[in-house]
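J.: Contents are TSV, N, CA and C atoms; file name start.tsv:
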```tsv
chain	number	residue	atom	x	y	z
A	1	GLN	N	-54.68	-13.86	-62.33
A	1	GLN	CA	-53.26	-13.75	-62.06
A	1	GLN	C	-53.06	-13.04	-60.72
A	2	VAL	N	-52.52	-13.76	-59.76
A	2	VAL	CA	-52.29	-13.19	-58.44
A	2	VAL	C	-51.04	-12.32	-58.48
A	3	GLN	N	-51.16	-11.12	-57.96
A	3	GLN	CA	-50.00	-10.24	-57.84
A	3	GLN	C	-49.89	-9.76	-56.39
A	4	LEU	N	-48.67	-9.69	-55.92
A	4	LEU	CA	-48.37	-9.22	-54.57
A	4	LEU	C	-47.41	-8.05	-54.68
A	5	VAL	N	-47.76	-6.94	-54.03
A	5	VAL	CA	-46.94	-5.74	-54.10
A	5	VAL	C	-46.64	-5.26	-52.69
A	6	GLU	N	-45.36	-5.28	-52.34
A	6	GLU	CA	-44.93	-4.85	-51.01
A	6	GLU	C	-44.59	-3.36	-51.02
A	7	SER	N	-44.69	-2.78	-49.84
A	7	SER	CA	-44.26	-1.39	-49.64
A	7	SER	C	-43.93	-1.20	-48.17
A	8	GLY	N	-43.25	-0.09	-47.88
A	8	GLY	CA	-43.00	0.28	-46.50
A	8	GLY	C	-41.60	0.06	-46.00
A	9	GLY	N	-40.73	-0.50	-46.83
A	9	GLY	CA	-39.36	-0.68	-46.39
A	9	GLY	C	-38.62	0.64	-46.30
A	10	GLY	N	-37.40	0.57	-45.78
A	10	GLY	CA	-36.60	1.78	-45.68
A	10	GLY	C	-35.43	1.59	-44.76
A	11	LEU	N	-34.82	2.71	-44.42
A	11	LEU	CA	-33.66	2.74	-43.54
A	11	LEU	C	-34.11	3.25	-42.17
A	12	VAL	N	-33.74	2.52	-41.13
A	12	VAL	CA	-34.14	2.90	-39.79
A	12	VAL	C	-33.00	2.58	-38.83
A	13	GLN	N	-32.92	3.32	-37.75
A	13	GLN	CA	-31.91	3.04	-36.75
A	13	GLN	C	-32.35	1.88	-35.86
A	14	ALA	N	-31.39	1.22	-35.28
A	14	ALA	CA	-31.69	0.13	-34.35
A	14	ALA	C	-32.60	0.66	-33.23
A	15	GLY	N	-33.59	-0.17	-32.91
A	15	GLY	CA	-34.60	0.23	-31.93
A	15	GLY	C	-35.82	0.88	-32.53
A	16	GLY	N	-35.74	1.21	-33.81
A	16	GLY	CA	-36.85	1.87	-34.49
A	16	GLY	C	-37.89	0.88	-34.98
A	17	SER	N	-38.87	1.42	-35.70
A	17	SER	CA	-39.99	0.62	-36.18
A	17	SER	C	-40.26	0.89	-37.65
A	18	LEU	N	-40.80	-0.12	-38.31
A	18	LEU	CA	-41.30	0.01	-39.68
A	18	LEU	C	-42.56	-0.83	-39.80
A	19	ARG	N	-43.41	-0.43	-40.72
A	19	ARG	CA	-44.60	-1.22	-41.02
A	19	ARG	C	-44.61	-1.53	-42.51
A	20	LEU	N	-44.52	-2.82	-42.82
A	20	LEU	CA	-44.59	-3.26	-44.20
A	20	LEU	C	-46.02	-3.60	-44.58
A	21	SER	N	-46.34	-3.37	-45.83
A	21	SER	CA	-47.66	-3.72	-46.37
A	21	SER	C	-47.48	-4.56	-47.61
A	22	CYS	N	-48.43	-5.44	-47.83
A	22	CYS	CA	-48.45	-6.27	-49.03
A	22	CYS	C	-49.88	-6.29	-49.55
A	23	LYS	N	-50.06	-5.70	-50.72
A	23	LYS	CA	-51.38	-5.66	-51.35
A	23	LYS	C	-51.48	-6.81	-52.33
A	24	ALA	N	-52.50	-7.65	-52.15
A	24	ALA	CA	-52.72	-8.80	-53.03
A	24	ALA	C	-53.87	-8.50	-53.98
A	25	SER	N	-53.67	-8.78	-55.25
A	25	SER	CA	-54.73	-8.63	-56.23
A	25	SER	C	-54.90	-9.92	-57.00
A	26	GLY	N	-56.10	-10.11	-57.54
A	26	GLY	CA	-56.36	-11.32	-58.31
A	26	GLY	C	-56.48	-12.57	-57.46
A	27	ILE	N	-56.78	-12.41	-56.17
A	27	ILE	CA	-56.87	-13.55	-55.26
A	27	ILE	C	-58.24	-13.55	-54.58
A	28	ILE	N	-58.85	-14.74	-54.52
A	28	ILE	CA	-60.15	-14.82	-53.87
A	28	ILE	C	-59.97	-14.86	-52.35
A	29	LEU	N	-61.03	-14.52	-51.63
A	29	LEU	CA	-60.93	-14.38	-50.19
A	29	LEU	C	-60.48	-15.67	-49.50
A	30	SER	N	-61.04	-16.80	-49.93
A	30	SER	CA	-60.68	-18.05	-49.26
A	30	SER	C	-59.20	-18.36	-49.40
A	31	SER	N	-58.63	-18.02	-50.53
A	31	SER	CA	-57.19	-18.23	-50.69
A	31	SER	C	-56.41	-17.23	-49.83
A	32	PHE	N	-56.85	-15.98	-49.85
A	32	PHE	CA	-56.14	-14.96	-49.08
A	32	PHE	C	-56.12	-15.32	-47.60
A	33	THR	N	-57.24	-15.80	-47.08
A	33	THR	CA	-57.29	-16.10	-45.65
A	33	THR	C	-56.64	-17.43	-45.29
A	34	SER	N	-56.34	-18.24	-46.28
A	34	SER	CA	-55.71	-19.53	-45.97
A	34	SER	C	-54.28	-19.36	-45.49
A	35	ASN	N	-53.56	-18.49	-46.16
A	35	ASN	CA	-52.20	-18.21	-45.70
A	35	ASN	C	-51.64	-17.01	-46.44
A	36	MET	N	-50.99	-16.16	-45.70
A	36	MET	CA	-50.16	-15.09	-46.24
A	36	MET	C	-48.92	-15.03	-45.37
A	37	ASN	N	-47.79	-14.86	-46.02
A	37	ASN	CA	-46.53	-15.03	-45.32
A	37	ASN	C	-45.56	-13.91	-45.64
A	38	TRP	N	-44.69	-13.63	-44.69
A	38	TRP	CA	-43.56	-12.72	-44.90
A	38	TRP	C	-42.27	-13.53	-44.75
A	39	TYR	N	-41.43	-13.41	-45.77
A	39	TYR	CA	-40.10	-13.99	-45.74
A	39	TYR	C	-39.09	-12.84	-45.79
A	40	ARG	N	-37.85	-13.15	-45.45
A	40	ARG	CA	-36.78	-12.19	-45.65
A	40	ARG	C	-35.51	-12.92	-46.06
A	41	GLN	N	-34.69	-12.16	-46.77
A	41	GLN	CA	-33.40	-12.70	-47.20
A	41	GLN	C	-32.33	-11.68	-46.90
A	42	ALA	N	-31.43	-12.06	-46.01
A	42	ALA	CA	-30.30	-11.20	-45.68
A	42	ALA	C	-29.17	-11.47	-46.66
A	43	PRO	N	-28.27	-10.52	-46.83
A	43	PRO	CA	-27.15	-10.71	-47.76
A	43	PRO	C	-26.36	-11.98	-47.43
A	44	GLY	N	-26.16	-12.81	-48.42
A	44	GLY	CA	-25.38	-14.03	-48.24
A	44	GLY	C	-26.08	-15.15	-47.50
A	45	LYS	N	-27.37	-14.98	-47.23
A	45	LYS	CA	-28.11	-15.99	-46.49
A	45	LYS	C	-29.31	-16.47	-47.29
A	46	GLU	N	-29.85	-17.60	-46.88
A	46	GLU	CA	-31.03	-18.14	-47.53
A	46	GLU	C	-32.28	-17.38	-47.08
A	47	ARG	N	-33.28	-17.43	-47.92
A	47	ARG	CA	-34.56	-16.82	-47.57
A	47	ARG	C	-35.17	-17.59	-46.41
A	48	GLU	N	-35.71	-16.85	-45.44
A	48	GLU	CA	-36.30	-17.49	-44.27
A	48	GLU	C	-37.70	-16.95	-44.00
A	49	LEU	N	-38.54	-17.82	-43.45
A	49	LEU	CA	-39.89	-17.44	-43.08
A	49	LEU	C	-39.85	-16.62	-41.79
A	50	VAL	N	-40.49	-15.45	-41.84
A	50	VAL	CA	-40.50	-14.56	-40.69
A	50	VAL	C	-41.83	-14.67	-39.94
A	51	ALA	N	-42.94	-14.62	-40.67
A	51	ALA	CA	-44.24	-14.63	-40.02
A	51	ALA	C	-45.30	-15.12	-40.99
A	52	SER	N	-46.34	-15.75	-40.44
A	52	SER	CA	-47.44	-16.26	-41.25
A	52	SER	C	-48.76	-15.96	-40.55
A	53	ILE	N	-49.79	-15.79	-41.38
A	53	ILE	CA	-51.14	-15.64	-40.84
A	53	ILE	C	-52.06	-16.51	-41.68
A	54	GLY	N	-52.95	-17.26	-41.00
A	54	GLY	CA	-53.80	-18.20	-41.71
A	54	GLY	C	-55.25	-18.09	-41.28
A	55	TYR	N	-55.96	-19.23	-41.43
A	55	TYR	CA	-57.37	-19.26	-41.07
A	55	TYR	C	-57.59	-18.86	-39.63
A	56	GLY	N	-58.64	-18.12	-39.40
A	56	GLY	CA	-58.95	-17.67	-38.05
A	56	GLY	C	-57.93	-16.69	-37.51
A	57	SER	N	-57.16	-16.11	-38.42
A	57	SER	CA	-56.07	-15.18	-38.05
A	57	SER	C	-55.04	-15.82	-37.15
A	58	SER	N	-54.87	-17.12	-37.27
A	58	SER	CA	-53.80	-17.78	-36.54
A	58	SER	C	-52.46	-17.28	-37.08
A	59	THR	N	-51.50	-17.12	-36.20
A	59	THR	CA	-50.21	-16.57	-36.58
A	59	THR	C	-49.06	-17.43	-36.09
A	60	ASN	N	-47.97	-17.35	-36.82
A	60	ASN	CA	-46.73	-18.01	-36.44
A	60	ASN	C	-45.57	-17.08	-36.73
A	61	TYR	N	-44.54	-17.16	-35.90
A	61	TYR	CA	-43.39	-16.28	-36.04
A	61	TYR	C	-42.09	-17.06	-35.89
A	62	ALA	N	-41.07	-16.58	-36.59
A	62	ALA	CA	-39.74	-17.09	-36.34
A	62	ALA	C	-39.32	-16.70	-34.93
A	63	ASP	N	-38.55	-17.55	-34.28
A	63	ASP	CA	-38.13	-17.28	-32.91
A	63	ASP	C	-37.41	-15.94	-32.80
A	64	SER	N	-36.67	-15.58	-33.84
A	64	SER	CA	-35.85	-14.37	-33.79
A	64	SER	C	-36.68	-13.08	-33.78
A	65	VAL	N	-37.97	-13.17	-34.14
A	65	VAL	CA	-38.78	-11.95	-34.19
A	65	VAL	C	-39.95	-11.96	-33.22
A	66	LYS	N	-40.14	-13.06	-32.51
A	66	LYS	CA	-41.25	-13.14	-31.56
A	66	LYS	C	-41.16	-12.02	-30.52
A	67	GLY	N	-42.30	-11.39	-30.29
A	67	GLY	CA	-42.35	-10.30	-29.33
A	67	GLY	C	-41.99	-8.95	-29.92
A	68	ARG	N	-41.46	-8.95	-31.15
A	68	ARG	CA	-41.08	-7.68	-31.79
A	68	ARG	C	-41.90	-7.40	-33.05
A	69	PHE	N	-42.24	-8.45	-33.78
A	69	PHE	CA	-42.98	-8.31	-35.04
A	69	PHE	C	-44.42	-8.80	-34.85
A	70	THR	N	-45.33	-8.16	-35.57
A	70	THR	CA	-46.73	-8.57	-35.55
A	70	THR	C	-47.27	-8.59	-36.98
A	71	ILE	N	-47.82	-9.73	-37.37
A	71	ILE	CA	-48.44	-9.86	-38.69
A	71	ILE	C	-49.95	-9.71	-38.52
A	72	SER	N	-50.57	-9.02	-39.46
A	72	SER	CA	-52.01	-8.83	-39.42
A	72	SER	C	-52.51	-8.68	-40.86
A	73	ARG	N	-53.82	-8.65	-41.02
A	73	ARG	CA	-54.35	-8.52	-42.38
A	73	ARG	C	-55.68	-7.79	-42.36
A	74	ASP	N	-56.02	-7.25	-43.52
A	74	ASP	CA	-57.32	-6.63	-43.76
A	74	ASP	C	-57.93	-7.39	-44.93
A	75	ASN	N	-58.93	-8.21	-44.62
A	75	ASN	CA	-59.50	-9.06	-45.67
A	75	ASN	C	-60.20	-8.24	-46.76
A	76	VAL	N	-60.83	-7.15	-46.39
A	76	VAL	CA	-61.53	-6.33	-47.37
A	76	VAL	C	-60.53	-5.72	-48.35
A	77	LYS	N	-59.43	-5.21	-47.83
A	77	LYS	CA	-58.41	-4.59	-48.68
A	77	LYS	C	-57.46	-5.61	-49.28
A	78	ARG	N	-57.59	-6.88	-48.90
A	78	ARG	CA	-56.66	-7.92	-49.38
A	78	ARG	C	-55.21	-7.47	-49.12
A	79	THR	N	-54.96	-6.99	-47.94
A	79	THR	CA	-53.65	-6.47	-47.59
A	79	THR	C	-53.18	-7.13	-46.30
A	80	VAL	N	-51.92	-7.52	-46.30
A	80	VAL	CA	-51.30	-8.09	-45.10
A	80	VAL	C	-50.20	-7.14	-44.66
A	81	TYR	N	-50.04	-7.02	-43.35
A	81	TYR	CA	-49.09	-6.09	-42.77
A	81	TYR	C	-48.07	-6.82	-41.91
A	82	LEU	N	-46.92	-6.20	-41.78
A	82	LEU	CA	-45.92	-6.67	-40.83
A	82	LEU	C	-45.42	-5.46	-40.05
A	83	GLN	N	-45.86	-5.38	-38.79
A	83	GLN	CA	-45.38	-4.31	-37.92
A	83	GLN	C	-44.11	-4.80	-37.26
A	84	MET	N	-43.04	-4.05	-37.45
A	84	MET	CA	-41.73	-4.44	-36.93
A	84	MET	C	-41.26	-3.40	-35.93
A	85	ASN	N	-41.13	-3.80	-34.68
A	85	ASN	CA	-40.69	-2.91	-33.63
A	85	ASN	C	-39.35	-3.36	-33.07
A	86	ASN	N	-38.69	-2.43	-32.41
A	86	ASN	CA	-37.39	-2.73	-31.79
A	86	ASN	C	-36.47	-3.42	-32.79
A	87	LEU	N	-36.34	-2.85	-33.95
A	87	LEU	CA	-35.55	-3.45	-35.02
A	87	LEU	C	-34.08	-3.53	-34.65
A	88	GLU	N	-33.47	-4.59	-35.15
A	88	GLU	CA	-32.06	-4.86	-34.89
A	88	GLU	C	-31.32	-4.91	-36.23
A	89	PRO	N	-30.01	-4.65	-36.23
A	89	PRO	CA	-29.25	-4.75	-37.49
A	89	PRO	C	-29.41	-6.11	-38.15
A	90	GLU	N	-29.62	-7.15	-37.37
A	90	GLU	CA	-29.80	-8.50	-37.93
A	90	GLU	C	-31.11	-8.65	-38.69
A	91	ASP	N	-32.00	-7.69	-38.57
A	91	ASP	CA	-33.26	-7.71	-39.32
A	91	ASP	C	-33.09	-7.16	-40.74
A	92	THR	N	-31.92	-6.68	-41.05
A	92	THR	CA	-31.67	-6.12	-42.39
A	92	THR	C	-31.84	-7.20	-43.45
A	93	GLY	N	-32.49	-6.85	-44.53
A	93	GLY	CA	-32.66	-7.76	-45.64
A	93	GLY	C	-33.78	-7.33	-46.56
A	94	ILE	N	-34.02	-8.13	-47.56
A	94	ILE	CA	-35.16	-7.89	-48.44
A	94	ILE	C	-36.33	-8.71	-47.91
A	95	TYR	N	-37.45	-8.06	-47.72
A	95	TYR	CA	-38.64	-8.70	-47.18
A	95	TYR	C	-39.62	-8.98	-48.32
A	96	TYR	N	-40.05	-10.22	-48.40
A	96	TYR	CA	-40.93	-10.66	-49.47
A	96	TYR	C	-42.28	-11.13	-48.91
A	97	CYS	N	-43.32	-10.74	-49.59
A	97	CYS	CA	-44.65	-11.24	-49.32
A	97	CYS	C	-44.87	-12.51	-50.14
A	98	ASN	N	-45.57	-13.46	-49.55
A	98	ASN	CA	-45.76	-14.76	-50.20
A	98	ASN	C	-47.15	-15.31	-49.93
A	99	HIS	N	-47.69	-15.97	-50.95
A	99	HIS	CA	-48.89	-16.79	-50.78
A	99	HIS	C	-48.60	-18.15	-51.38
A	100	ARG	N	-48.94	-19.18	-50.65
A	100	ARG	CA	-48.72	-20.56	-51.15
A	100	ARG	C	-50.07	-21.19	-51.47
A	101	PHE	N	-50.27	-21.49	-52.74
A	101	PHE	CA	-51.49	-22.19	-53.15
A	101	PHE	C	-51.41	-23.65	-52.74
A	102	ARG	N	-50.25	-24.23	-52.94
A	102	ARG	CA	-49.99	-25.63	-52.59
A	102	ARG	C	-48.48	-25.78	-52.62
A	103	PRO	N	-47.95	-26.84	-52.02
A	103	PRO	CA	-46.48	-27.02	-52.06
A	103	PRO	C	-45.96	-26.95	-53.49
A	104	GLY	N	-44.99	-26.10	-53.68
A	104	GLY	CA	-44.40	-25.94	-55.00
A	104	GLY	C	-45.09	-24.93	-55.88
A	105	ASP	N	-46.16	-24.33	-55.39
A	105	ASP	CA	-46.90	-23.33	-56.16
A	105	ASP	C	-47.05	-22.09	-55.30
A	106	ASP	N	-46.05	-21.23	-55.39
A	106	ASP	CA	-45.99	-20.02	-54.59
A	106	ASP	C	-46.10	-18.79	-55.48
A	107	ARG	N	-46.64	-17.75	-54.86
A	107	ARG	CA	-46.59	-16.42	-55.48
A	107	ARG	C	-45.75	-15.52	-54.58
A	108	TRP	N	-44.93	-14.69	-55.23
A	108	TRP	CA	-44.03	-13.81	-54.50
A	108	TRP	C	-44.20	-12.38	-54.97
A	109	GLY	N	-44.00	-11.46	-54.03
A	109	GLY	CA	-43.88	-10.08	-54.41
A	109	GLY	C	-42.46	-9.78	-54.86
A	110	GLN	N	-42.23	-8.52	-55.24
A	110	GLN	CA	-40.91	-8.13	-55.74
A	110	GLN	C	-39.92	-7.85	-54.62
A	111	GLY	N	-40.43	-7.73	-53.40
A	111	GLY	CA	-39.57	-7.49	-52.25
A	111	GLY	C	-39.43	-6.01	-51.92
A	112	THR	N	-39.17	-5.75	-50.65
A	112	THR	CA	-38.91	-4.38	-50.20
A	112	THR	C	-37.71	-4.42	-49.24
A	113	GLN	N	-36.80	-3.50	-49.43
A	113	GLN	CA	-35.55	-3.50	-48.66
A	113	GLN	C	-35.76	-2.87	-47.29
A	114	VAL	N	-35.28	-3.55	-46.28
A	114	VAL	CA	-35.25	-3.03	-44.91
A	114	VAL	C	-33.79	-2.99	-44.47
A	115	THR	N	-33.34	-1.82	-44.06
A	115	THR	CA	-31.97	-1.67	-43.59
A	115	THR	C	-32.01	-1.06	-42.20
A	116	VAL	N	-31.40	-1.76	-41.26
A	116	VAL	CA	-31.36	-1.29	-39.87
A	116	VAL	C	-29.91	-0.96	-39.54
A	117	SER	N	-29.67	0.29	-39.24
A	117	SER	CA	-28.31	0.72	-38.93
A	117	SER	C	-28.08	0.60	-37.42
A	118	GLY	N	-26.85	0.17	-37.11
A	118	GLY	CA	-26.51	-0.03	-35.70
A	118	GLY	C	-25.89	1.20	-35.07
```
For this file, write the structure as structure tokens.
T.:
Amino acid sequence: QVQLVESGGGLVQAGGSLRLSCKASGIILSSFTSNMNWYRQAPGKERELVASIGYGSSTNYADSVKGRFTISRDNVKRTVYLQMNNLEPEDTGIYYCNHRFRPGDDRWGQGTQVTVSG
């Protein structure tokens, strides 16, 4: 049973930084390295993909966070990180860790709240 547990959210002023962590358990290394993703959902909006990391540590970012956010992982600890710098009020939302086994078969964490005050 794969479980994802996020941590590191909080309240920060605009221009500040936060580092989110997602600890994965019950997942084999090949699955962990295939893809790990961060999504966020702002109030009244749909959940959106923020950043992904895959094989060979290839990364992808939403245009809105490029140059400010960095996704990384520790394969030994089965942990994925999201370093968020120069935060903006528009970054406010619940941030979810995700692993996709195949289309339609996702695992989600419980989410961690990020609030950026302007």
J.: With a distance cut-off of 7 Å and all atoms listed in the file, select the neighbouring residues of Pro89 (chain A), excluding the residue or stretch itself and same-chain residues fewer than 5 positions from it, and output the selection as a VMD selection string.
T.: chain A and resid 13 to 15 115 to 118
J.: Select, from A:Gln41, A:Gln1, A:Thr33, A:Gln110, the residue with the minimum atom-to-atom distance to Ser72 (chain A), counting only C-alpha atoms.
T.: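 Of all the options, A:Thr33 lies closest to Ser72 (chain A).
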J.: Find, counting only C-alpha atoms, the residue in A:Val5, A:Gly26, A:Gly67, A:Asn35 that gets nearest to Arg102 (chain A).
T.: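 Selected residue with least distance to Arg102 (chain A): A:Asn35.
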J.: Could you please determine the separation between atom N of Cys97 (chain A) and CA of Ser21 (chain A) in Å, to one decimal place?
T.: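 Taking atom N of Cys97 (chain A) and CA of Ser21 (chain A), their separation equals 8.9 Å.
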J.: Taking 4 positions as the minimum chain separation for residues in the same chain, which residues sit within 10 Å of Gly10 (chain A) when counting only C-alpha atoms? Answer as a VMD selection string.
T.: chain A and resid 18 to 20 92 112 to 116
J.: Taking N, CA and C atoms for each residue, export the selection above as an mmCIF file, keeping the file's coordinate frame.
T.:
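Done, and the output landed in again34.cif:
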```cif
data_model
loop_
_atom_site.group_PDB
_atom_site.id
_atom_site.type_symbol
_atom_site.label_atom_id
_atom_site.label_comp_id
_atom_site.auth_asym_id
_atom_site.auth_seq_id
_atom_site.Cartn_x
_atom_site.Cartn_y
_atom_site.Cartn_z
ATOM 1 N N LEU A 18 -40.800 -0.120 -38.310
ATOM 2 C CA LEU A 18 -41.300 0.010 -39.680
ATOM 3 C C LEU A 18 -42.560 -0.830 -39.800
ATOM 4 N N ARG A 19 -43.410 -0.430 -40.720
ATOM 5 C CA ARG A 19 -44.600 -1.220 -41.020
ATOM 6 C C ARG A 19 -44.610 -1.530 -42.510
ATOM 7 N N LEU A 20 -44.520 -2.820 -42.820
ATOM 8 C CA LEU A 20 -44.590 -3.260 -44.200
ATOM 9 C C LEU A 20 -46.020 -3.600 -44.580
ATOM 10 N N THR A 92 -31.920 -6.680 -41.050
ATOM 11 C CA THR A 92 -31.670 -6.120 -42.390
ATOM 12 C C THR A 92 -31.840 -7.200 -43.450
ATOM 13 N N THR A 112 -39.170 -5.750 -50.650
ATOM 14 C CA THR A 112 -38.910 -4.380 -50.200
ATOM 15 C C THR A 112 -37.710 -4.420 -49.240
ATOM 16 N N GLN A 113 -36.800 -3.500 -49.430
ATOM 17 C CA GLN A 113 -35.550 -3.500 -48.660
ATOM 18 C C GLN A 113 -35.760 -2.870 -47.290
ATOM 19 N N VAL A 114 -35.280 -3.550 -46.280
ATOM 20 C CA VAL A 114 -35.250 -3.030 -44.910
ATOM 21 C C VAL A 114 -33.790 -2.990 -44.470
ATOM 22 N N THR A 115 -33.340 -1.820 -44.060
ATOM 23 C CA THR A 115 -31.970 -1.670 -43.590
ATOM 24 C C THR A 115 -32.010 -1.060 -42.200
ATOM 25 N N VAL A 116 -31.400 -1.760 -41.260
ATOM 26 C CA VAL A 116 -31.360 -1.290 -39.870
ATOM 27 C C VAL A 116 -29.910 -0.960 -39.540
#
```
J.: Need the shell around Ser34 (chain A): protein/DNA/RNA residues with any atom at most 10 Å away, counting only C-alpha atoms. Skip same-chain ones fewer than 6 positions apart. Format as a PDB file with N, CA and C atoms, keeping the file's coordinate frame?
T.:
```pdb
ATOM      1  N   ILE A  53     -49.790 -15.790 -41.380  1.00  0.00           N
ATOM      2  CA  ILE A  53     -51.140 -15.640 -40.840  1.00  0.00           C
ATOM      3  C   ILE A  53     -52.060 -16.510 -41.680  1.00  0.00           C
ATOM      4  N   GLY A  54     -52.950 -17.260 -41.000  1.00  0.00           N
ATOM      5  CA  GLY A  54     -53.800 -18.200 -41.710  1.00  0.00           C
ATOM      6  C   GLY A  54     -55.250 -18.090 -41.280  1.00  0.00           C
ATOM      7  N   TYR A  55     -55.960 -19.230 -41.430  1.00  0.00           N
ATOM      8  CA  TYR A  55     -57.370 -19.260 -41.070  1.00  0.00           C
ATOM      9  C   TYR A  55     -57.590 -18.860 -39.630  1.00  0.00           C
ATOM     10  N   GLY A  56     -58.640 -18.120 -39.400  1.00  0.00           N
ATOM     11  CA  GLY A  56     -58.950 -17.670 -38.050  1.00  0.00           C
ATOM     12  C   GLY A  56     -57.930 -16.690 -37.510  1.00  0.00           C
ATOM     13  N   SER A  57     -57.160 -16.110 -38.420  1.00  0.00           N
ATOM     14  CA  SER A  57     -56.070 -15.180 -38.050  1.00  0.00           C
ATOM     15  C   SER A  57     -55.040 -15.820 -37.150  1.00  0.00           C
ATOM     16  N   SER A  58     -54.870 -17.120 -37.270  1.00  0.00           N
ATOM     17  CA  SER A  58     -53.800 -17.780 -36.540  1.00  0.00           C
ATOM     18  C   SER A  58     -52.460 -17.280 -37.080  1.00  0.00           C
ATOM     19  N   HIS A  99     -47.690 -15.970 -50.950  1.00  0.00           N
ATOM     20  CA  HIS A  99     -48.890 -16.790 -50.780  1.00  0.00           C
ATOM     21  C   HIS A  99     -48.600 -18.150 -51.380  1.00  0.00           C
ATOM     22  N   ARG A 100     -48.940 -19.180 -50.650  1.00  0.00           N
ATOM     23  CA  ARG A 100     -48.720 -20.560 -51.150  1.00  0.00           C
ATOM     24  C   ARG A 100     -50.070 -21.190 -51.470  1.00  0.00           C
ATOM     25  N   PHE A 101     -50.270 -21.490 -52.740  1.00  0.00           N
ATOM     26  CA  PHE A 101     -51.490 -22.190 -53.150  1.00  0.00           C
ATOM     27  C   PHE A 101     -51.410 -23.650 -52.740  1.00  0.00           C
TER      28      PHE A 101
END
```
J.: Between A:Ser30, A:Lys23, A:Trp38, A:Gly16, which residue has the minimum interatomic distance to Gln3 (chain A), considering only N, CA and C atoms?
T.: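 Ranking A:Ser30, A:Lys23, A:Trp38, A:Gly16 by distance to Gln3 (chain A), first place goes to A:Lys23.
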J.: Could you state the separation of CA of Ala42 (chain A) and CA of Ser25 (chain A) in Å, given to one decimal place?
T.: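 Distance reported for this atom pair: 26.7 Å.
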J.: Please give the centre and size of the box around region 38-57 of chain A (axis-aligned, containing every atom listed in the file, 5 Å added per side), with values in Å to one decimal and written as lines of an AutoDock Vina configuration file.
T.:
```
center_x = -42.2
center_y = -14.9
center_z = -42.8
size_x = 43.6
size_y = 18.7
size_z = 21.3
```
J.: When you count only N, CA and C atoms, which of these residues is closest to Ala24 (chain A): A:Gly9, A:Arg78, A:Lys66, A:Pro43?
T.: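 For Ala24 (chain A), the nearest of the candidates is A:Arg78.
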J.: I'd like the interatomic distance between CA of Asp105 (chain A) and CA of Val2 (chain A), to a tenth of an Å.
T.: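 According to the coordinates, CA of Asp105 (chain A) and CA of Val2 (chain A) are separated by 11.7 Å.
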